>>> print(open('structure01.txt').read())   # compact mmCIF, C-alpha atoms
# COMPACT_ATOMS: atom_id res chain seq x y z
CA MET A 283 126.62 128.06 93.24
CA LYS A 284 126.87 129.97 96.52
CA GLU A 285 128.76 128.54 99.48
CA PRO A 286 126.54 126.91 102.12
CA VAL A 287 125.41 129.11 105.00
CA LEU A 288 127.31 128.43 108.21
CA TYR A 289 125.21 127.42 111.20
CA SER A 290 124.93 129.93 114.03
CA ASP A 291 122.45 130.47 116.87
CA ASP A 292 121.33 133.82 115.48
CA LEU A 293 119.80 132.18 112.39
CA GLU A 294 116.67 131.68 114.52
CA THR A 295 114.41 134.58 115.54
CA PRO A 296 111.65 133.44 117.94
CA SER A 297 108.54 135.62 118.14
CA ALA A 298 107.60 137.36 121.38
CA ASP A 299 104.40 135.32 121.84
CA GLU A 300 105.81 131.93 120.86
CA ARG A 301 105.55 130.45 124.38
CA GLU A 302 101.83 131.26 124.59
CA THR A 303 101.27 129.74 121.14
CA ILE A 304 103.01 126.53 122.20
CA GLU A 305 100.84 126.31 125.32
CA GLU A 306 97.73 126.60 123.13
CA LEU A 307 99.13 123.95 120.77
CA ASN A 308 99.47 121.55 123.70
CA ALA A 309 95.90 122.26 124.79
CA THR A 310 94.67 121.51 121.25
CA PHE A 311 96.72 118.30 121.13
CA ASP A 312 95.04 117.32 124.40
CA THR A 313 91.63 117.65 122.74
CA ILE A 314 92.66 115.19 120.02
CA LEU A 315 94.40 112.79 122.41
CA ASP A 316 91.48 112.67 124.84
CA ARG A 317 88.79 112.20 122.19
CA VAL A 318 90.60 109.41 120.37
CA ALA A 319 91.57 107.58 123.58
CA GLU A 320 87.95 107.72 124.75
CA ASP A 321 86.61 106.46 121.40
CA GLU A 322 89.21 103.74 120.85
CA GLY A 323 89.91 102.67 124.43
CA HIS A 324 93.57 103.19 123.57
CA ALA A 325 95.86 106.19 123.27
CA TYR A 326 97.35 107.07 119.89
CA ARG A 327 99.60 109.82 118.62
CA SER A 328 97.96 113.25 118.42
CA VAL A 329 99.03 113.39 114.77
CA HIS A 330 100.00 110.52 112.46
CA ALA A 331 98.02 108.14 114.66
CA LYS A 332 97.43 105.35 112.11
CA SER A 333 100.46 103.41 110.93
CA HIS A 334 100.44 101.64 107.57
CA GLY A 335 103.98 100.27 107.45
CA LEU A 336 106.47 99.37 110.20
CA ILE A 337 109.70 98.31 108.55
CA GLU A 338 113.17 97.18 109.61
CA ALA A 339 115.93 98.71 107.51
CA ARG A 340 119.64 99.45 107.25
CA VAL A 341 121.12 102.90 106.63
CA THR A 342 124.49 102.88 104.82
CA ILE A 343 126.71 105.97 104.72
CA PRO A 344 129.47 105.99 102.06
CA ASP A 345 133.07 106.99 102.74
CA ASP A 346 133.45 109.44 99.85
CA LEU A 347 131.02 112.25 100.68
CA PRO A 348 132.21 115.80 99.93
CA PRO A 349 133.19 117.69 103.12
CA GLU A 350 130.06 119.89 103.19
CA TYR A 351 127.87 116.74 103.19
CA SER A 352 130.05 114.71 105.54
CA GLN A 353 128.36 116.21 108.61
CA GLY A 354 126.60 115.00 111.74
CA ILE A 355 125.74 111.32 111.60
CA PHE A 356 126.89 111.32 107.96
CA ALA A 357 130.46 112.31 108.89
CA ARG A 358 131.43 108.69 109.53
CA SER A 359 130.97 105.94 106.94
CA GLY A 360 129.34 102.69 107.95
CA SER A 361 125.88 101.28 108.53
CA HIS A 362 123.17 101.60 111.15
CA GLY A 363 120.01 99.69 111.91
CA ALA A 364 116.89 101.73 111.28
CA ILE A 365 113.12 101.63 111.68
CA LEU A 366 110.63 103.23 109.27
CA ARG A 367 107.10 104.15 110.27
CA ILE A 368 104.73 105.04 107.41
CA SER A 369 101.53 106.83 108.43
CA THR A 370 98.91 109.42 107.54
CA ASN A 371 98.54 112.68 109.40
CA PRO A 372 95.24 112.77 111.37
CA GLY A 373 95.15 112.03 115.08
CA ASP A 374 92.28 109.56 114.77
CA ILE A 375 92.16 106.09 113.20
CA LEU A 376 90.37 106.55 109.88
CA ASP A 377 89.22 104.40 107.00
CA ASP A 378 91.86 104.63 104.27
CA SER A 379 89.30 106.08 101.83
CA VAL A 380 89.80 109.39 103.70
CA SER A 381 92.87 110.49 101.78
CA VAL A 382 95.29 112.74 103.63
CA PRO A 383 99.04 113.49 103.37
CA ARG A 384 101.43 110.57 103.93
CA GLY A 385 104.14 110.60 106.57
CA LEU A 386 107.39 108.70 107.00
CA ALA A 387 109.44 108.73 110.19
CA LEU A 388 112.97 107.34 110.04
CA LYS A 389 114.78 106.31 113.23
CA VAL A 390 118.52 105.73 112.68
CA LEU A 391 119.93 103.67 115.54
CA ASP A 392 123.18 103.75 117.50
CA VAL A 393 124.48 107.16 116.46
CA GLU A 394 127.22 109.14 118.18
CA GLY A 395 127.32 112.79 119.20
CA GLU A 396 126.22 115.30 121.82
CA ARG A 397 122.51 114.75 122.46
CA LEU A 398 119.68 117.24 122.05
CA PRO A 399 117.91 118.39 125.25
CA GLY A 400 115.36 115.81 126.38
CA SER A 401 117.06 113.11 124.29
CA GLU A 402 120.08 112.47 126.50
CA SER A 403 119.14 108.87 127.35
CA GLU A 404 118.55 107.90 123.72
CA ARG A 405 120.95 106.77 121.01
CA SER A 406 118.91 107.30 117.84
CA GLN A 407 118.50 110.08 115.29
CA ASP A 408 114.98 110.73 113.99
CA PHE A 409 113.91 112.43 110.79
CA VAL A 410 110.15 113.10 110.63
CA MET A 411 108.94 113.63 107.06
CA VAL A 412 105.82 114.21 104.94
CA ASN A 413 105.22 113.72 101.20
CA GLY A 414 105.45 117.40 100.31
CA PRO A 415 108.37 119.84 100.20
CA ALA A 416 106.87 122.52 102.47
CA PHE A 417 104.93 122.60 105.73
CA SER A 418 101.25 123.57 105.70
CA ALA A 419 101.95 126.68 107.82
CA PRO A 420 104.82 129.18 108.05
CA ASP A 421 105.29 129.17 111.82
CA ALA A 422 103.95 128.01 115.19
CA ALA A 423 100.93 130.36 115.01
CA GLY A 424 99.97 128.98 111.61
CA PHE A 425 100.62 125.44 112.86
CA LEU A 426 98.11 126.11 115.65
CA LYS A 427 95.44 127.17 113.14
CA SER A 428 95.98 124.01 111.09
CA LEU A 429 95.90 121.83 114.19
CA LYS A 430 92.61 123.37 115.29
CA LEU A 431 91.13 122.33 111.92
CA LEU A 432 92.22 118.74 112.57
CA ALA A 433 90.91 118.91 116.14
CA ARG A 434 87.48 120.06 114.94
CA THR A 435 87.21 117.06 112.58
CA THR A 436 88.44 114.53 115.14
CA ASP A 437 85.62 112.24 116.31
CA ARG A 438 83.23 113.40 113.58
CA ALA A 439 81.12 110.79 111.76
CA GLU A 440 83.40 108.72 109.53
CA TRP A 441 80.83 108.50 106.73
CA ALA A 442 80.89 112.30 106.53
CA LYS A 443 84.70 112.32 106.37
CA LYS A 444 84.63 109.82 103.49
CA ALA A 445 82.14 111.95 101.56
CA LEU A 446 84.10 115.14 102.27
CA SER A 447 87.34 113.49 101.18
CA THR A 448 85.82 112.49 97.84
CA VAL A 449 84.64 116.06 97.20
CA LEU A 450 87.92 117.63 98.29
CA ARG A 451 90.00 115.34 96.07
CA GLY A 452 88.07 116.73 93.12
CA VAL A 453 88.65 120.29 94.29
CA GLU A 454 92.34 119.63 94.87
CA SER A 455 92.75 118.04 91.44
CA GLY A 456 91.35 121.22 89.85
CA LEU A 457 93.64 123.43 91.94
CA GLU A 458 96.73 121.45 90.99
CA ALA A 459 95.90 122.01 87.33
CA THR A 460 95.48 125.77 87.84
CA THR A 461 96.77 127.60 90.92
CA GLY A 462 98.64 124.74 92.57
CA PRO A 463 97.88 122.42 95.50
CA SER A 464 96.24 123.64 98.70
CA ALA A 465 97.81 122.41 101.95
CA LYS A 466 94.57 123.12 103.85
CA ILE A 467 92.41 121.07 101.46
CA GLU A 468 94.90 118.20 101.48
CA THR A 469 95.01 118.18 105.28
CA LEU A 470 91.19 117.95 105.48
CA GLY A 471 91.04 114.93 103.16
CA GLY A 472 91.67 116.24 99.66
CA ALA A 473 95.16 114.80 99.19
CA PRO A 474 95.58 112.37 96.29
CA ASN A 475 95.11 108.81 97.55
CA VAL A 476 98.54 107.71 96.33
CA HIS A 477 100.62 104.67 97.25
CA PRO A 478 102.85 105.60 100.21
CA LEU A 479 105.80 103.53 98.97
CA GLY A 480 106.08 105.53 95.76
CA GLU A 481 106.27 108.91 97.48
CA THR A 482 109.23 111.19 98.19
CA TYR A 483 109.24 112.45 101.77
CA PHE A 484 110.63 115.76 103.10
CA THR A 485 111.46 117.08 106.56
CA GLN A 486 109.83 120.31 105.27
CA THR A 487 111.54 122.22 108.09
CA PRO A 488 115.27 122.98 108.36
CA TYR A 489 117.77 121.26 110.63
CA ARG A 490 121.28 122.02 111.63
CA PHE A 491 123.57 119.92 109.46
CA GLY A 492 126.85 119.97 111.37
CA ASP A 493 128.61 123.17 110.29
CA TYR A 494 125.71 124.07 107.99
CA VAL A 495 121.88 124.04 107.70
CA ALA A 496 119.81 121.69 105.57
CA LYS A 497 116.51 120.06 104.75
CA VAL A 498 116.37 116.28 104.30
CA GLN A 499 114.35 114.07 101.97
CA MET A 500 113.92 110.33 101.49
CA VAL A 501 113.44 109.13 97.92
CA PRO A 502 112.38 105.69 96.63
CA VAL A 503 114.95 104.34 94.15
CA SER A 504 114.40 100.57 93.74
CA ASP A 505 112.17 99.56 90.81
CA ASN A 506 109.48 98.03 93.03
CA LEU A 507 109.04 101.41 94.72
CA THR A 508 109.48 103.85 91.83
CA ARG A 509 106.84 102.08 89.76
CA LEU A 510 104.35 103.03 92.49
CA THR A 511 105.02 106.78 92.24
CA GLY A 512 101.75 108.55 91.51
CA GLU A 513 99.75 105.30 91.63
CA THR A 514 96.30 105.67 93.17
CA VAL A 515 95.27 103.04 95.72
CA ASP A 516 91.78 101.59 95.32
CA THR A 517 90.40 101.73 98.87
CA SER A 518 86.83 100.65 98.02
CA GLY A 519 85.58 98.44 100.83
CA ARG A 520 89.08 98.22 102.32
CA SER A 521 89.45 100.21 105.51
CA ASP A 522 93.12 99.16 105.84
CA ALA A 523 93.99 99.18 102.15
CA LEU A 524 97.31 100.98 102.66
CA ARG A 525 98.56 98.36 105.12
CA GLU A 526 97.59 95.62 102.69
CA GLU A 527 99.27 97.30 99.71
CA ILE A 528 102.50 98.11 101.59
CA ASP A 529 102.68 94.61 103.05
CA ALA A 530 102.32 92.98 99.62
CA VAL A 531 105.18 95.03 98.17
CA MET A 532 107.50 94.61 101.15
CA GLN A 533 107.01 90.83 101.38
CA ALA A 534 107.91 90.32 97.73
CA LYS A 535 111.30 92.00 97.18
CA PRO A 536 113.99 94.12 98.85
CA ALA A 537 113.35 97.87 98.81
CA ARG A 538 115.75 100.79 98.64
CA TRP A 539 115.51 104.52 99.32
CA GLU A 540 118.10 107.30 99.33
CA ILE A 541 118.53 109.97 102.00
CA ARG A 542 119.28 113.29 100.29
CA VAL A 543 120.24 116.64 101.76
CA GLN A 544 119.59 120.19 100.52
CA LEU A 545 122.00 122.72 102.01
CA CYS A 546 120.89 126.27 102.78
CA ARG A 547 122.86 128.66 100.55
CA ASP A 548 120.70 131.81 100.74
CA THR A 549 118.69 132.62 103.88
CA GLU A 550 116.47 135.07 101.96
CA ALA A 551 115.37 132.52 99.36
CA GLN A 552 115.64 129.61 101.81
CA PRO A 553 114.14 130.99 105.04
CA ILE A 554 114.73 129.35 108.41
CA GLU A 555 111.62 130.66 110.17
CA ASP A 556 109.03 130.22 107.38
CA ALA A 557 108.45 126.49 106.91
CA SER A 558 105.83 127.04 104.20
CA VAL A 559 108.46 128.11 101.62
CA PRO A 560 109.97 125.29 99.55
CA TRP A 561 113.70 125.74 99.06
CA ASP A 562 114.51 126.27 95.38
CA GLU A 563 116.47 123.29 94.03
CA ASP A 564 118.07 125.55 91.41
CA ILE A 565 119.78 127.39 94.27
CA SER A 566 120.70 124.19 96.08
CA PRO A 567 119.93 120.68 94.76
CA PHE A 568 119.37 117.64 96.95
CA VAL A 569 122.47 115.43 97.19
CA THR A 570 122.51 111.77 98.27
CA VAL A 571 124.26 111.11 101.58
CA ALA A 572 123.07 107.57 102.42
CA THR A 573 121.00 104.61 101.27
CA VAL A 574 118.22 102.86 103.19
CA ASP A 575 117.68 99.17 102.46
CA ALA A 576 114.91 96.88 103.68
CA ALA A 577 114.89 93.12 103.14
CA PRO A 578 111.61 91.33 102.30
CA GLN A 579 109.44 91.28 105.44
CA PRO A 580 105.92 91.68 106.75
CA ALA A 581 105.30 95.41 106.81
CA TRP A 582 102.50 95.57 109.38
CA THR A 583 101.44 93.12 112.09
CA GLU A 584 99.75 93.49 115.46
CA GLY A 585 103.06 92.58 117.11
CA ARG A 586 104.89 95.30 115.22
CA ALA A 587 102.19 97.82 116.02
CA LYS A 588 102.51 97.07 119.73
CA ALA A 589 106.32 97.34 119.58
CA VAL A 590 106.50 100.52 117.46
CA ASP A 591 103.19 102.38 117.77
CA ASP A 592 102.91 101.81 121.52
CA GLY A 593 106.53 101.27 122.56
CA MET A 594 108.44 103.90 120.56
CA ARG A 595 108.30 107.58 119.77
CA PHE A 596 109.52 109.44 116.69
CA ALA A 597 110.19 113.15 117.04
CA PRO A 598 112.32 115.91 115.47
CA TRP A 599 114.05 116.48 118.83
CA ILE A 600 115.28 112.91 119.21
CA GLY A 601 118.83 113.14 117.96
CA ILE A 602 122.14 114.91 118.24
CA GLU A 603 123.03 118.60 118.43
CA ALA A 604 124.59 118.41 114.97
CA HIS A 605 121.03 117.92 113.64
CA ARG A 606 119.20 120.39 115.88
CA PRO A 607 115.73 121.22 114.47
CA LEU A 608 115.45 124.89 113.50
CA GLY A 609 112.68 127.42 113.07
CA SER A 610 109.37 128.27 114.71
CA VAL A 611 107.51 125.07 113.78
CA ASN A 612 110.30 122.87 115.10
CA ARG A 613 110.58 124.80 118.36
CA ALA A 614 106.84 124.28 118.85
CA ARG A 615 107.14 120.59 118.11
CA LYS A 616 109.45 119.83 121.01
CA ALA A 617 106.95 120.27 123.83
CA SER A 618 104.01 118.89 121.84
CA TYR A 619 105.75 115.65 120.80
CA ASP A 620 106.99 115.09 124.38
CA HIS A 621 103.47 115.77 125.62
CA SER A 622 101.90 113.26 123.21
CA ALA A 623 104.41 110.51 124.06
CA ALA A 624 103.88 110.97 127.80
CA PHE A 625 100.10 110.77 127.33
CA ARG A 626 100.34 107.52 125.36
CA SER A 627 102.68 105.94 127.87
CA ARG A 628 100.45 106.88 130.81
CA VAL A 629 97.10 105.86 129.30
CA ASN A 630 98.33 102.64 127.70
CA GLY A 631 100.53 101.63 130.62
CA CYS A 632 103.32 100.93 128.13
CA PRO A 633 106.78 102.45 128.70
CA ILE A 634 108.28 104.12 125.64
CA HIS A 635 111.88 103.20 124.93
CA ASP A 636 114.63 103.91 122.45
CA PRO A 637 115.41 100.70 120.54
CA ARG A 638 118.98 99.44 120.40
CA LYS A 639 118.38 97.08 117.47
CA ALA A 640 116.11 97.16 114.42
CA ALA A 641 114.56 93.80 115.30
CA LEU A 642 110.78 94.01 115.04
CA PRO A 643 108.38 91.15 115.82
CA ALA A 644 107.15 89.09 112.88
>>> encode(input="structure01.txt", output="structure tokens")
Amino acid sequence: MKEPVLYSDDLETPSADERETIEELNATFDTILDRVAEDEGHAYRSVHAKSHGLIEARVTIPDDLPPEYSQGIFARSGSHGAILRISTNPGDILDDSVSVPRGLALKVLDVEGERLPGSESERSQDFVMVNGPAFSAPDAAGFLKSLKLLARTTDRAEWAKKALSTVLRGVESGLEATTGPSAKIETLGGAPNVHPLGETYFTQTPYRFGDYVAKVQMVPVSDNLTRLTGETVDTSGRSDALREEIDAVMQAKPARWEIRVQLCRDTEAQPIEDASVPWDEDISPFVTVATVDAAPQPAWTEGRAKAVDDGMRFAPWIGIEAHRPLGSVNRARKASYDHSAAFRSRVNGCPIHDPRKAALPA
């Protein structure tokens, strides 16, 4: 196996028109934010608006990691409070029968290290993940095209979205059996309507990993989670079926995930700037660097939604320099995530803060 690639600033190669693309991304996010706020009388995230699980957890880092994995927040053994937010990717609040990719954002609390720009007043490290190994677009320009698709479907009749989702799931099932899954079809409502707690989640984009570069995943490992992998949720007549299903599982037993890291060992096969390319696990497998444990608890309540959905933000650029987000998509995300959080805070009249403890309301 090749040695891991050392981090350096010249691993990134921004395009000449990236700034203009980011400005257009923000304008498109504004379209989604404004429409949803007008419809709902409340501001939500421009993507991953609907939460399905809001969970207190504990991240434990062992003391025997190999040197190349003992990096960043994982360089020091111990435990940290954490908050998990499970969601789906549209910017509007949809019936759960519209099946779209699942998201999981992990906020690790009370970490040490030089802060990323714009995150100086915070003490957490965020990892924003989706249940697929690669992003739906290679770069910021492709991200903009995908976002415009979401923007065009925001505020459309929900009955039409339900019907479209049913059709697209059939199309996607056929593609998976032949040419492979389509990120565009899944984004528009053709993703399998699987149980979020059984899914493996990926950052999809690369991050600095101390001296190296890596992608991160979060994998269910306790029996009550792994038995849900691939399970389809029956959403018939249940607009909030995912909240109900997650809550039932989380109230019954403790749950455990693992945080795993895939080091970059070949920048040709594992590109930094093209987020649509999965990194080959034969070149570099994922290795466990921490566990995430959650005690039995209610997984979604109105009180938790107010505390987390309204009062917190999750973003790739909340964290330390040792985990700097890399590549075109991540550079575009910085301004857009800041923009979305500021909009929510202003419209809802609710300050957004960085939590010091993983103590959510009942």
>>> closest_atom_pairs(input="structure01.txt", of="segment 298-397 of chain A", to="segment 415-431 of chain A", cutoff="10 Å", atoms="only C-alpha atoms", output="JSON lines")
{"residue": "A:Asp299", "atom": "CA", "partner": "A:Ala423", "partner_atom": "CA", "distance": 9.1}
{"residue": "A:Glu300", "atom": "CA", "partner": "A:Ala422", "partner_atom": "CA", "distance": 7.1}
{"residue": "A:Arg301", "atom": "CA", "partner": "A:Ala422", "partner_atom": "CA", "distance": 9.6}
{"residue": "A:Glu302", "atom": "CA", "partner": "A:Ala423", "partner_atom": "CA", "distance": 9.7}
{"residue": "A:Thr303", "atom": "CA", "partner": "A:Ala423", "partner_atom": "CA", "distance": 6.2}
{"residue": "A:Ile304", "atom": "CA", "partner": "A:Ala422", "partner_atom": "CA", "distance": 7.2}
{"residue": "A:Glu306", "atom": "CA", "partner": "A:Leu426", "partner_atom": "CA", "distance": 7.5}
{"residue": "A:Leu307", "atom": "CA", "partner": "A:Leu426", "partner_atom": "CA", "distance": 5.6}
{"residue": "A:Asn308", "atom": "CA", "partner": "A:Leu426", "partner_atom": "CA", "distance": 9.4}
{"residue": "A:Thr310", "atom": "CA", "partner": "A:Lys430", "partner_atom": "CA", "distance": 6.6}
{"residue": "A:Phe311", "atom": "CA", "partner": "A:Leu429", "partner_atom": "CA", "distance": 7.8}
{"residue": "A:Thr313", "atom": "CA", "partner": "A:Lys430", "partner_atom": "CA", "distance": 9.4}
{"residue": "A:Ile314", "atom": "CA", "partner": "A:Leu429", "partner_atom": "CA", "distance": 9.4}
{"residue": "A:Ser328", "atom": "CA", "partner": "A:Leu429", "partner_atom": "CA", "distance": 9.8}
{"residue": "A:Val329", "atom": "CA", "partner": "A:Leu429", "partner_atom": "CA", "distance": 9.0}
{"residue": "A:Pro372", "atom": "CA", "partner": "A:Leu429", "partner_atom": "CA", "distance": 9.5}
{"residue": "A:Gly373", "atom": "CA", "partner": "A:Leu429", "partner_atom": "CA", "distance": 9.9}
>>> write_last_selection(input="structure01.txt", atoms="C-alpha atoms", output="compact mmCIF listing (two decimals), in the coordinates of the input")
# COMPACT_ATOMS: atom_id res chain seq x y z
CA ASP A 299 104.40 135.32 121.84
CA GLU A 300 105.81 131.93 120.86
CA ARG A 301 105.55 130.45 124.38
CA GLU A 302 101.83 131.26 124.59
CA THR A 303 101.27 129.74 121.14
CA ILE A 304 103.01 126.53 122.20
CA GLU A 306 97.73 126.60 123.13
CA LEU A 307 99.13 123.95 120.77
CA ASN A 308 99.47 121.55 123.70
CA THR A 310 94.67 121.51 121.25
CA PHE A 311 96.72 118.30 121.13
CA THR A 313 91.63 117.65 122.74
CA ILE A 314 92.66 115.19 120.02
CA SER A 328 97.96 113.25 118.42
CA VAL A 329 99.03 113.39 114.77
CA PRO A 372 95.24 112.77 111.37
CA GLY A 373 95.15 112.03 115.08
>>> residues_around(input="structure01.txt", residues="Ala387 of chain A", least_positions_apart="2", cutoff="6 Å", atoms="only C-alpha atoms", output="number ranges by chain")
A: 366-367, 409-411
>>> residues_around(input="structure01.txt", residues="segment 542-557 of chain A", least_positions_apart="4", cutoff="9 Å", atoms="only C-alpha atoms", output="ChimeraX atom specification")
/A:283-288,293-296,350-351,416-421,486-489,491,494-501,561-563,565-573,608-611
>>> atom_distance(input="structure01.txt", atom1="atom CA of Ser518 of chain A", atom2="atom CA of Tyr483 of chain A")
25.6 Å
>>> closest_atom_pairs(input="structure01.txt", of="segment 291-346 of chain A", to="segment 619-628 of chain A", cutoff="7 Å", atoms="only C-alpha atoms", output="tab-separated table")
residue	atom	partner	partner_atom	distance
A:Ala325	CA	A:Arg626	CA	5.1
A:Tyr326	CA	A:Arg626	CA	6.3
A:Arg327	CA	A:Ser622	CA	6.2
A:Ser328	CA	A:Ser622	CA	6.2
